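Engineer: Below you'll find coords36.txt; it's compact mmCIF, C-alpha atoms.
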```txt
# COMPACT_ATOMS: atom_id res chain seq x y z
CA MET A 10 143.59 45.20 92.88
CA THR A 11 145.33 48.53 92.28
CA GLY A 12 143.33 50.79 94.61
CA PRO A 13 144.82 52.75 97.49
CA ARG A 14 146.22 51.16 100.63
CA ILE A 15 144.60 52.49 103.82
CA LEU A 16 145.79 52.19 107.41
CA ALA A 17 143.20 52.87 110.11
CA THR A 18 144.54 53.27 113.63
CA ARG A 19 142.68 52.79 116.91
CA LEU A 20 145.19 52.38 119.73
CA ASP A 21 142.81 51.61 122.55
CA SER A 22 140.82 48.85 124.25
CA ASP A 23 138.58 46.23 122.65
CA GLY A 24 135.35 48.19 123.15
CA ASP A 25 136.79 51.26 121.47
CA VAL A 26 137.92 49.17 118.51
CA LEU A 27 134.49 47.58 118.16
CA MET A 28 132.76 50.97 118.15
CA THR A 29 135.12 52.10 115.39
CA GLY A 30 134.19 49.09 113.26
CA PRO A 31 131.46 50.76 111.15
CA ALA A 32 133.79 53.65 110.32
CA ILE A 33 136.66 51.34 109.39
CA ALA A 34 134.35 49.39 107.09
CA ALA A 35 133.37 52.67 105.39
CA LEU A 36 137.02 53.37 104.53
CA ARG A 37 136.91 50.65 101.90
CA TYR A 38 135.77 53.15 99.26
CA GLY A 39 137.91 56.29 99.01
CA PRO A 40 136.89 59.89 98.28
CA ASP A 41 137.10 59.13 94.56
CA GLY A 42 134.91 56.03 94.91
CA VAL A 43 137.77 53.66 94.10
CA GLU A 44 137.86 50.54 96.25
CA ALA A 45 140.94 50.23 98.42
CA SER A 46 143.30 47.37 97.66
CA ARG A 47 143.53 46.79 101.39
CA VAL A 48 142.43 48.29 104.69
CA ASP A 49 144.69 47.42 107.60
CA LEU A 50 144.14 48.29 111.25
CA LEU A 51 146.79 49.28 113.77
CA ALA A 52 145.61 48.33 117.27
CA ALA A 53 147.04 48.28 120.77
CA PRO A 54 147.45 44.91 122.52
CA PRO A 55 144.20 45.31 124.54
CA GLY A 56 142.25 45.91 121.32
CA ALA A 57 143.90 43.38 119.03
CA GLY A 58 141.40 40.58 119.75
CA ALA A 59 138.49 42.82 118.81
CA ALA A 60 140.35 44.11 115.75
CA ARG A 61 140.68 40.57 114.41
CA LEU A 62 136.89 40.14 114.61
CA LEU A 63 136.07 43.17 112.47
CA PRO A 64 134.83 42.50 108.93
CA GLY A 65 136.67 44.22 106.11
CA VAL A 66 140.07 44.40 107.84
CA ASP A 67 142.80 42.74 105.80
CA GLU A 68 145.55 42.69 108.43
CA VAL A 69 145.82 43.70 112.08
CA LEU A 70 149.07 45.35 113.15
CA VAL A 71 149.78 45.68 116.87
CA ALA A 72 151.76 48.37 118.71
CA ASP A 73 151.98 49.31 122.39
CA VAL A 74 152.38 53.09 122.49
CA PRO A 75 153.05 55.50 125.38
CA TRP A 76 150.18 57.91 124.62
CA SER A 77 147.26 55.53 125.07
CA GLY A 78 145.97 52.78 127.36
CA TYR A 79 145.30 52.14 131.03
CA HIS A 80 148.91 51.02 131.65
CA PRO A 81 150.89 52.66 128.81
CA PRO A 82 154.57 51.80 128.38
CA ALA A 83 157.27 54.36 129.07
CA PRO A 84 158.41 56.33 126.02
CA ASP A 85 161.15 54.46 124.22
CA ALA A 86 162.67 55.57 120.92
CA GLU A 87 163.42 52.05 119.65
CA PRO A 88 159.85 50.65 119.42
CA LEU A 89 158.54 53.99 118.13
CA LEU A 90 161.13 54.04 115.35
CA ALA A 91 160.20 50.42 114.62
CA LEU A 92 156.57 51.51 114.31
CA VAL A 93 157.61 54.19 111.80
CA GLU A 94 159.33 51.52 109.73
CA THR A 95 156.31 49.20 109.98
CA VAL A 96 154.04 51.93 108.63
CA ARG A 97 156.58 52.81 105.94
CA ALA A 98 156.82 49.15 104.87
CA GLY A 99 153.04 49.07 104.39
CA ARG A 100 153.32 51.66 101.58
CA TYR A 101 150.06 53.23 102.70
CA ASP A 102 148.46 55.98 100.68
CA GLU A 103 146.44 57.22 103.64
CA VAL A 104 146.37 56.92 107.43
CA VAL A 105 143.09 57.66 109.24
CA VAL A 106 143.63 58.16 112.97
CA PHE A 107 140.62 57.30 115.15
CA THR A 108 140.58 58.48 118.76
CA SER A 109 138.12 59.23 121.54
CA TYR A 110 137.18 62.84 122.25
CA HIS A 111 139.67 63.10 125.13
CA GLN A 112 142.65 61.61 123.27
CA SER A 113 145.20 63.24 120.99
CA ALA A 114 145.66 62.05 117.42
CA MET A 115 148.89 64.01 117.01
CA PRO A 116 151.43 61.36 118.12
CA MET A 117 150.11 58.86 115.57
CA ALA A 118 149.90 61.57 112.92
CA LEU A 119 153.60 62.29 113.52
CA ILE A 120 154.41 58.58 113.13
CA ALA A 121 152.54 58.55 109.81
CA ARG A 122 154.35 61.65 108.59
CA LEU A 123 157.76 60.23 109.52
CA ALA A 124 156.81 57.09 107.59
CA GLY A 125 156.16 59.19 104.49
CA VAL A 126 152.39 58.63 104.25
CA PRO A 127 151.05 61.23 101.77
CA ARG A 128 147.57 61.73 103.33
CA VAL A 129 146.84 61.81 107.06
CA VAL A 130 143.32 62.38 108.45
CA ALA A 131 142.33 62.85 112.10
CA ALA A 132 140.09 64.74 114.51
CA THR A 133 141.61 67.45 116.69
CA ASP A 134 140.82 70.86 118.11
CA ASP A 135 144.52 71.64 118.40
CA TYR A 136 146.55 73.31 115.68
CA PRO A 137 148.06 70.35 113.79
CA GLY A 138 150.89 72.17 112.02
CA SER A 139 152.00 70.07 109.07
CA LEU A 140 150.92 66.76 110.60
CA LEU A 141 147.45 66.54 109.01
CA ASP A 142 146.06 66.95 105.52
CA VAL A 143 142.44 66.85 106.72
CA ARG A 144 141.32 67.93 110.18
CA HIS A 145 137.92 67.17 111.63
CA ARG A 146 136.54 68.94 114.71
CA ARG A 147 134.17 66.93 116.85
CA PRO A 148 131.21 68.71 118.44
CA GLY A 149 130.72 68.72 122.20
CA ASN A 150 131.97 70.26 125.41
CA PRO A 151 135.40 69.82 127.01
CA ASP A 152 133.91 67.63 129.75
CA GLY A 153 132.56 65.21 127.12
CA THR A 154 128.91 66.21 127.35
CA GLY A 155 126.84 67.41 124.43
CA GLY A 156 128.75 65.33 121.92
CA GLU A 157 128.19 62.41 119.61
CA HIS A 158 128.21 58.73 120.40
CA GLU A 159 131.66 57.28 119.71
CA VAL A 160 130.29 55.26 116.77
CA VAL A 161 128.77 58.39 115.21
CA ALA A 162 131.90 60.43 115.90
CA SER A 163 134.08 57.91 114.05
CA LEU A 164 131.70 57.99 111.11
CA GLY A 165 131.93 61.79 111.15
CA LEU A 166 135.68 61.56 110.62
CA VAL A 167 135.08 59.25 107.65
CA VAL A 168 132.64 61.74 106.12
CA THR A 169 135.13 64.57 106.65
CA SER A 170 137.68 62.54 104.71
CA GLY A 171 135.35 62.76 101.71
CA ARG A 172 133.73 59.35 101.84
CA ALA A 173 130.10 58.22 102.02
CA ILE A 174 128.82 56.09 104.88
CA PRO A 175 125.96 53.56 104.95
CA ALA A 176 122.52 54.97 105.72
CA ASP A 177 122.15 52.50 108.59
CA PRO A 178 125.63 51.59 109.82
CA ARG A 179 125.74 48.84 112.38
CA MET A 180 128.38 47.30 114.55
CA ALA A 181 129.21 43.84 113.21
CA LEU A 182 131.69 40.99 113.51
CA ARG A 183 133.18 38.46 111.15
CA HIS A 184 131.11 35.30 110.89
CA PRO A 185 131.16 32.43 111.51
CA LEU A 186 132.22 33.03 115.09
CA PRO A 187 134.28 30.39 116.91
CA GLU A 188 132.44 27.53 118.57
CA LEU A 189 132.14 27.51 122.34
CA PRO A 190 134.38 25.08 124.25
CA ALA A 191 132.74 21.66 124.42
CA ASP A 192 132.79 21.55 128.23
CA LEU A 193 131.03 24.91 128.46
CA LEU A 194 128.39 23.84 125.95
CA ALA A 195 127.79 20.64 127.91
CA GLU A 196 127.48 22.58 131.16
CA LEU A 197 124.85 24.91 129.72
CA GLY A 198 122.82 22.09 128.21
CA ASP A 199 119.62 23.23 126.52
CA ASP A 200 119.43 26.58 128.31
CA LEU A 201 121.14 28.46 125.49
CA ALA A 202 118.63 27.21 122.93
CA ALA A 203 115.77 27.99 125.30
CA GLY A 204 116.78 31.65 125.55
CA ARG A 205 117.09 31.57 129.34
CA VAL A 206 120.77 32.49 129.65
CA VAL A 207 121.88 35.81 131.10
CA VAL A 208 125.59 36.58 130.90
CA VAL A 209 126.99 38.67 133.76
CA HIS A 210 130.40 40.27 133.23
CA PRO A 211 131.36 41.88 136.58
CA GLY A 212 134.81 43.21 135.69
CA ALA A 213 135.99 46.13 133.59
CA SER A 214 139.22 47.26 131.96
CA VAL A 215 139.11 50.37 134.19
CA PRO A 216 138.21 49.75 137.87
CA ALA A 217 135.88 52.75 138.21
CA ARG A 218 133.58 51.30 135.56
CA ALA A 219 132.94 47.98 137.35
CA PRO A 220 130.44 47.46 140.17
CA ASP A 221 131.57 46.42 143.62
CA PRO A 222 131.85 42.60 143.66
CA ALA A 223 129.18 42.43 146.35
CA VAL A 224 126.75 44.32 144.10
CA ALA A 225 127.51 41.96 141.21
CA ALA A 226 127.12 38.91 143.46
CA ALA A 227 123.73 40.13 144.68
CA ALA A 228 122.59 40.59 141.08
CA VAL A 229 123.74 37.08 140.16
CA ALA A 230 121.93 35.61 143.18
CA ALA A 231 118.70 37.42 142.28
CA LEU A 232 118.84 36.33 138.64
CA ASP A 233 119.53 32.74 139.67
CA ALA A 234 116.65 32.75 142.15
CA ALA A 235 114.35 34.13 139.45
CA GLY A 236 115.05 31.13 137.22
CA TRP A 237 117.59 32.55 134.80
CA ARG A 238 120.62 30.44 133.87
CA VAL A 239 123.45 32.79 134.76
CA VAL A 240 126.91 32.61 133.18
CA VAL A 241 129.60 34.75 134.81
CA THR A 242 132.39 35.72 132.42
CA GLY A 243 135.79 37.34 132.74
CA GLY A 244 139.25 37.36 131.28
CA PRO A 245 142.26 35.47 132.67
CA GLY A 246 142.89 38.27 135.16
CA GLU A 247 139.29 38.17 136.44
CA VAL A 248 139.07 34.51 137.47
CA ASP A 249 139.11 35.29 141.19
CA LEU A 250 136.49 38.01 140.75
CA ALA A 251 134.17 35.67 138.84
CA ALA A 252 134.59 32.95 141.45
CA ARG A 253 133.64 35.40 144.20
CA VAL A 254 130.60 36.66 142.28
CA SER A 255 129.29 33.18 141.45
CA ALA A 256 130.16 31.46 144.75
CA GLY A 257 127.49 29.36 146.46
CA ARG A 258 125.22 29.10 143.43
CA PRO A 259 125.42 25.57 141.94
CA ARG A 260 123.42 26.47 138.80
CA VAL A 261 125.57 29.53 138.03
CA VAL A 262 128.22 28.75 135.41
CA ASP A 263 131.63 30.31 136.00
CA ALA A 264 133.12 30.78 132.52
CA ALA A 265 135.92 33.20 133.45
CA GLY A 266 139.15 32.42 131.63
CA ARG A 267 137.49 29.64 129.62
CA THR A 268 136.83 31.46 126.33
CA SER A 269 138.79 33.41 123.78
CA PHE A 270 137.50 36.86 122.87
CA GLY A 271 135.86 35.35 119.79
CA GLN A 272 134.23 32.59 121.83
CA LEU A 273 132.96 35.21 124.26
CA ALA A 274 131.24 36.85 121.29
CA THR A 275 129.61 33.50 120.49
CA LEU A 276 128.36 33.18 124.06
CA LEU A 277 127.01 36.74 124.13
CA GLU A 278 125.23 36.23 120.82
CA ALA A 279 123.39 33.24 122.28
CA ALA A 280 122.41 35.04 125.51
CA ALA A 281 119.02 36.63 126.10
CA VAL A 282 120.57 39.62 127.92
CA VAL A 283 124.06 40.70 128.98
CA LEU A 284 124.60 42.48 132.32
CA VAL A 285 127.89 44.35 132.14
CA GLY A 286 129.63 47.61 132.99
CA ASN A 287 130.93 50.21 130.56
CA THR A 288 133.66 47.98 129.18
CA GLY A 289 134.54 45.89 126.13
CA PRO A 290 132.01 43.04 126.46
CA ALA A 291 129.18 45.62 126.53
CA HIS A 292 130.15 46.66 123.02
CA LEU A 293 130.85 43.07 122.01
CA ALA A 294 127.25 42.28 122.99
CA ALA A 295 126.06 45.21 120.88
CA ALA A 296 128.10 43.97 117.93
CA VAL A 297 126.27 40.62 118.01
CA GLY A 298 122.87 42.23 118.58
CA THR A 299 122.21 41.18 122.19
CA PRO A 300 120.34 43.55 124.56
CA VAL A 301 122.42 45.04 127.36
CA ALA A 302 121.64 45.91 130.97
CA SER A 303 124.44 48.41 131.51
CA TRP A 304 126.04 49.12 134.88
CA PHE A 305 127.13 52.54 133.66
CA SER A 306 129.54 54.45 135.87
CA ALA A 307 128.97 58.21 136.05
CA VAL A 308 132.67 58.91 135.44
CA MET A 309 132.10 58.89 131.65
CA PRO A 310 129.42 60.63 129.53
CA VAL A 311 126.70 58.07 128.85
CA GLU A 312 125.66 59.62 125.54
CA ARG A 313 129.06 58.80 124.08
CA TRP A 314 129.61 55.31 125.45
CA VAL A 315 126.28 53.51 125.91
CA PRO A 316 126.09 50.27 123.82
CA PHE A 317 125.11 51.22 120.27
CA GLY A 318 122.28 49.88 118.14
CA VAL A 319 120.68 47.45 120.63
CA PRO A 320 118.06 47.77 123.38
CA VAL A 321 119.75 49.09 126.53
CA VAL A 322 118.72 49.78 130.12
CA VAL A 323 121.20 52.01 131.93
CA LEU A 324 121.67 51.06 135.57
CA GLY A 325 123.37 53.48 137.95
CA ASP A 326 123.27 57.00 139.32
CA LEU A 327 124.57 59.27 136.58
CA SER A 328 124.36 62.28 138.91
CA ALA A 329 126.77 60.79 141.49
CA PRO A 330 129.65 62.95 142.81
CA CYS A 331 132.11 61.18 140.50
CA ARG A 332 130.17 62.43 137.47
CA LEU A 333 132.35 63.10 134.40
CA THR A 334 135.63 62.92 136.30
CA ARG A 335 137.00 60.27 133.90
CA ALA A 336 138.50 58.72 137.02
CA GLN A 337 140.10 55.33 136.57
CA VAL A 338 139.61 54.42 140.23
CA CYS A 339 136.37 55.59 141.86
CA PRO A 340 137.09 58.75 143.89
CA VAL A 341 133.99 58.31 146.08
CA ALA A 342 133.87 55.82 148.95
CA GLY A 343 131.50 52.95 148.33
CA HIS A 344 131.29 53.45 144.56
CA PRO A 345 127.72 54.79 144.94
CA CYS A 346 127.01 55.36 141.26
CA LEU A 347 126.92 51.58 140.68
CA ASP A 348 125.21 50.53 143.90
CA VAL A 349 122.27 49.07 141.98
CA ALA A 350 119.60 47.06 143.82
CA PRO A 351 119.02 43.45 142.67
CA GLN A 352 115.35 44.13 141.94
CA GLU A 353 116.33 46.90 139.55
CA VAL A 354 118.56 44.42 137.72
CA LEU A 355 115.75 41.86 137.56
CA ASP A 356 113.31 44.41 136.17
CA ALA A 357 115.82 45.52 133.50
CA VAL A 358 116.63 41.96 132.41
CA GLU A 359 112.95 41.01 132.19
CA ALA A 360 112.09 44.11 130.14
CA LEU A 361 114.99 43.52 127.77
CA ALA A 362 114.35 39.81 127.37
CA THR A 363 110.68 40.35 126.54
CA GLY A 364 111.31 43.04 123.93
CA LYS A 365 109.83 45.91 125.95
CA VAL A 366 112.86 48.18 125.51
CA PRO A 367 113.37 49.92 122.15
CA VAL A 368 116.73 50.63 120.58
CA PRO A 369 117.71 54.14 121.71
CA PRO A 370 118.44 56.64 118.94
CA PRO A 371 122.00 57.96 118.70
CA SER A 372 122.66 61.04 120.83
CA ALA A 373 123.40 62.89 117.57
CA PRO A 374 122.19 62.18 114.03
CA LEU A 375 124.40 60.31 111.62
CA PRO A 376 126.58 62.55 109.42
CA PRO A 377 125.17 63.47 105.99
CA GLN A 378 126.38 60.98 103.42
CA GLY A 379 129.18 62.28 101.24
CA ASP A 380 129.17 65.78 102.73
CA VAL A 381 132.08 67.53 104.37
CA ARG A 382 130.79 68.40 107.80
CA PRO A 383 130.72 71.88 109.32
CA GLY A 384 133.93 72.43 111.23
CA ALA A 385 136.00 70.24 108.95
CA GLU A 386 138.93 71.92 107.28
CA GLN A 387 142.10 71.30 105.41
CA ALA A 388 144.96 71.52 107.88
CA LEU A 389 147.30 74.43 107.25
```
I need this file expressed as structure tokens, please.

Structural biologist:
Amino acid sequence: MTGPRILATRLDSDGDVLMTGPAIAALRYGPDGVEASRVDLLAAPPGAGAARLLPGVDEVLVADVPWSGYHPPAPDAEPLLALVETVRAGRYDEVVVFTSYHQSAMPMALIARLAGVPRVVAATDDYPGSLLDVRHRRPGNPDGTGGEHEVVASLGLVVTSGRAIPADPRMALRHPLPELPADLLAELGDDLAAGRVVVVHPGASVPARAPDPAVAAAAVAALDAAGWRVVVTGGPGEVDLAARVSAGRPRVVDAAGRTSFGQLATLLEAAAVVLVGNTGPAHLAAAVGTPVASWFSAVMPVERWVPFGVPVVVLGDLSAPCRLTRAQVCPVAGHPCLDVAPQEVLDAVEALATGKVPVPPPSAPLPPQGDVRPGAEQAL
């Protein structure tokens, strides 16, 4: 294939990468309608597992950069110069920089320029100098309100680049997904097939977005008592948290640290409902089409980050004092925005499992197909 070579970049966590998936898939056909010879994705280490699950990505490159992430590395010229050479070696015709509304695309745009990439596209309100060929301006307020869902915003950047997008873009993963570990399958027995499994993921990549462990444990106890087969999940660093949340409940399955990211997707796909905070597995559940009961912390704007394209019940006080602070650690004693009563969790899970909750519409309409959006401009 002789089409252009495209590098998409999303240097963020797994949930952010998943929400960018529909936009990355739309990069396959360029502004001239010619199919790309390859579409690669540059991801940060926390997002690399999700990146490898996206359909339509030929290769995943990984870089840990100082301008993004919960624990970013210190600036160091050597790895940044190595990243320039990696991008140069890819002989890309275009780099499309995806970011959230509160992040800057300019550092990655500079890397692309130093690597000699002839076309660089990104969203920014700041003057980009000579770093961009196409600039897109996202709608919304500085505090994050009044804007588009992150999935829609990424598609808007694709439209600004001159491409069309699908009329009904959906989050999706590569299939077939990996099989669950045999011991976990044996432990769950027939409950997965019976549709009685609720997955509870009590942790989050950012502490302010996770409920207090006692709140999560009370939810697990209530679901277990109501007859649901509860599976508590978590990454390798959340094993102690999962053990605390599931303690004293013999029927509750503690799966923390027992699955890869791909196997977690398999488990979420088989679940009736997923109970999770505003973190990666919420968007992984959305990508496999499973309804989500969302412990949603008020620190972030819900219209931008709620799970996309699936039935959702938002649990939490979005008017709490921490509202829209983007705090990484809750600034309010007791984490009141996620102090959700067990009965409220039970009601949400029952409504979702029985199909009583519709898929919410996006907070903003999808961009017009093939149109350059208002506010887009060629960078000067």

Engineer: Identify which of the residues A:Val209, A:Ala234, A:Val262, A:Thr288 lies closest to Asp21 of chain A, counting all atoms listed in the file when measuring atom-to-atom distances.

Structural biologist: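 Among A:Val209, A:Ala234, A:Val262, A:Thr288, it is A:Thr288 that comes nearest to Asp21 of chain A.
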
Engineer: Would you list the contacts of Ile120 of chain A as a count of residues only, taking every protein, DNA or RNA residue within 8 Å and counting all atoms listed in the file, but skipping same-chain residues closer than 5 positions in sequence?

Structural biologist: 3

Engineer: Counting all atoms listed in the file, what is within 12 Å of Leu250 of chain A, bar same-chain residues fewer than 3 positions away, as number ranges by chain?

Structural biologist: A: 209-213, 219-223, 225-226, 241-247, 253-256, 263-266

Engineer: Ranking A:Gly99, A:Val224, A:Thr18, A:Arg313 by minimum distance to Asn150 of chain A and counting only C-alpha atoms, which one comes first?

Structural biologist: A:Arg313

Engineer: Report, in Å with one decimal, the straight-line distance from atom CA of Asp102 of chain A to atom CA of Pro88 of chain A.

Structural biologist: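 Going from atom CA of Asp102 of chain A over to atom CA of Pro88 of chain A, I get 22.6 Å.
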
Engineer: Between A:Val358, A:His111, A:Leu20, A:Arg267, single out the one closest to Val285 of chain A, counting only C-alpha atoms.

Structural biologist: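 Checking each of A:Val358, A:His111, A:Leu20, A:Arg267 against Val285 of chain A, counting only C-alpha atoms, the winner is A:Val358.
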
Engineer: Out of A:Pro137, A:Gly318, A:Gly289, A:Pro75, which residue has the shortest atom-to-atom distance to Pro371 of chain A when counting all atoms listed in the file?

Structural biologist: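 Nearest candidate to Pro371 of chain A out of A:Pro137, A:Gly318, A:Gly289, A:Pro75: A:Gly318.
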
Engineer: So which residues fall inside 12 Å of (143.0, 48.2, 103.7) if we count only C-alpha atoms? Mind giving them as a PDB file with C-alpha atoms, keeping the file's coordinate frame?

Structural biologist:
```
ATOM      1  CA  MET A  10     143.590  45.200  92.880  1.00  0.00           C
ATOM      2  CA  THR A  11     145.330  48.530  92.280  1.00  0.00           C
ATOM      3  CA  GLY A  12     143.330  50.790  94.610  1.00  0.00           C
ATOM      4  CA  PRO A  13     144.820  52.750  97.490  1.00  0.00           C
ATOM      5  CA  ARG A  14     146.220  51.160 100.630  1.00  0.00           C
ATOM      6  CA  ILE A  15     144.600  52.490 103.820  1.00  0.00           C
ATOM      7  CA  LEU A  16     145.790  52.190 107.410  1.00  0.00           C
ATOM      8  CA  ALA A  17     143.200  52.870 110.110  1.00  0.00           C
ATOM      9  CA  THR A  18     144.540  53.270 113.630  1.00  0.00           C
ATOM     10  CA  ILE A  33     136.660  51.340 109.390  1.00  0.00           C
ATOM     11  CA  ALA A  34     134.350  49.390 107.090  1.00  0.00           C
ATOM     12  CA  ALA A  35     133.370  52.670 105.390  1.00  0.00           C
ATOM     13  CA  LEU A  36     137.020  53.370 104.530  1.00  0.00           C
ATOM     14  CA  ARG A  37     136.910  50.650 101.900  1.00  0.00           C
ATOM     15  CA  TYR A  38     135.770  53.150  99.260  1.00  0.00           C
ATOM     16  CA  GLY A  39     137.910  56.290  99.010  1.00  0.00           C
ATOM     17  CA  GLU A  44     137.860  50.540  96.250  1.00  0.00           C
ATOM     18  CA  ALA A  45     140.940  50.230  98.420  1.00  0.00           C
ATOM     19  CA  SER A  46     143.300  47.370  97.660  1.00  0.00           C
ATOM     20  CA  ARG A  47     143.530  46.790 101.390  1.00  0.00           C
ATOM     21  CA  VAL A  48     142.430  48.290 104.690  1.00  0.00           C
ATOM     22  CA  ASP A  49     144.690  47.420 107.600  1.00  0.00           C
ATOM     23  CA  LEU A  50     144.140  48.290 111.250  1.00  0.00           C
ATOM     24  CA  LEU A  51     146.790  49.280 113.770  1.00  0.00           C
ATOM     25  CA  PRO A  64     134.830  42.500 108.930  1.00  0.00           C
ATOM     26  CA  GLY A  65     136.670  44.220 106.110  1.00  0.00           C
ATOM     27  CA  VAL A  66     140.070  44.400 107.840  1.00  0.00           C
ATOM     28  CA  ASP A  67     142.800  42.740 105.800  1.00  0.00           C
ATOM     29  CA  GLU A  68     145.550  42.690 108.430  1.00  0.00           C
ATOM     30  CA  VAL A  69     145.820  43.700 112.080  1.00  0.00           C
ATOM     31  CA  LEU A  70     149.070  45.350 113.150  1.00  0.00           C
ATOM     32  CA  GLY A  99     153.040  49.070 104.390  1.00  0.00           C
ATOM     33  CA  ARG A 100     153.320  51.660 101.580  1.00  0.00           C
ATOM     34  CA  TYR A 101     150.060  53.230 102.700  1.00  0.00           C
ATOM     35  CA  ASP A 102     148.460  55.980 100.680  1.00  0.00           C
ATOM     36  CA  GLU A 103     146.440  57.220 103.640  1.00  0.00           C
ATOM     37  CA  VAL A 104     146.370  56.920 107.430  1.00  0.00           C
ATOM     38  CA  VAL A 105     143.090  57.660 109.240  1.00  0.00           C
TER      39      VAL A 105
END
```

Engineer: Kindly provide, as a list in words, the polymer residues lying within 12 Å of (145.5, 74.6, 119.7), counting only C-alpha atoms and using the coordinates exactly as they appear in the file.

Structural biologist: Ser113, Met115, Thr133, Asp134, Asp135, Tyr136, Pro137, Gly138 and Arg146 of chain A

Engineer: Closest to Gly78 of chain A among A:Ala362, A:Val215, A:Ala181, A:Val283, using all atoms listed in the file?

Structural biologist: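 When distances to Gly78 of chain A are compared using all atoms listed in the file, the smallest one comes from A:Val215.
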
Engineer: Take atom CA of Pro190 of chain A and atom CA of Ala60 of chain A and report the distance between them in Å, one decimal.

Structural biologist: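 Atom CA of Ala60 of chain A lies at a distance of 21.7 Å from atom CA of Pro190 of chain A.
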
Engineer: Using all atoms listed in the file, can you tell me which of A:Pro116, A:Pro340, A:Gly42, A:Gly24 comes closest to Ala173 of chain A?

Structural biologist: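 Of the candidates, the smallest distance to Ala173 of chain A is held by A:Gly42.
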
Engineer: How many Å lie between atom CA of Val43 of chain A and atom CA of Val161 of chain A, rounded to one decimal?

Structural biologist: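 If I compute the distance from atom CA of Val43 of chain A to atom CA of Val161 of chain A, I get 23.4 Å.
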
Engineer: Just the residues within 12 Å of Ser109 of chain A, please, counting all atoms listed in the file, with nothing from its chain fewer than 5 positions along; format it as a PyMOL selection string.

Structural biologist: chain A and resi 18-22+24-26+28-29+77-78+114+131-133+146-147+153+156-163+166+309-310+313-314
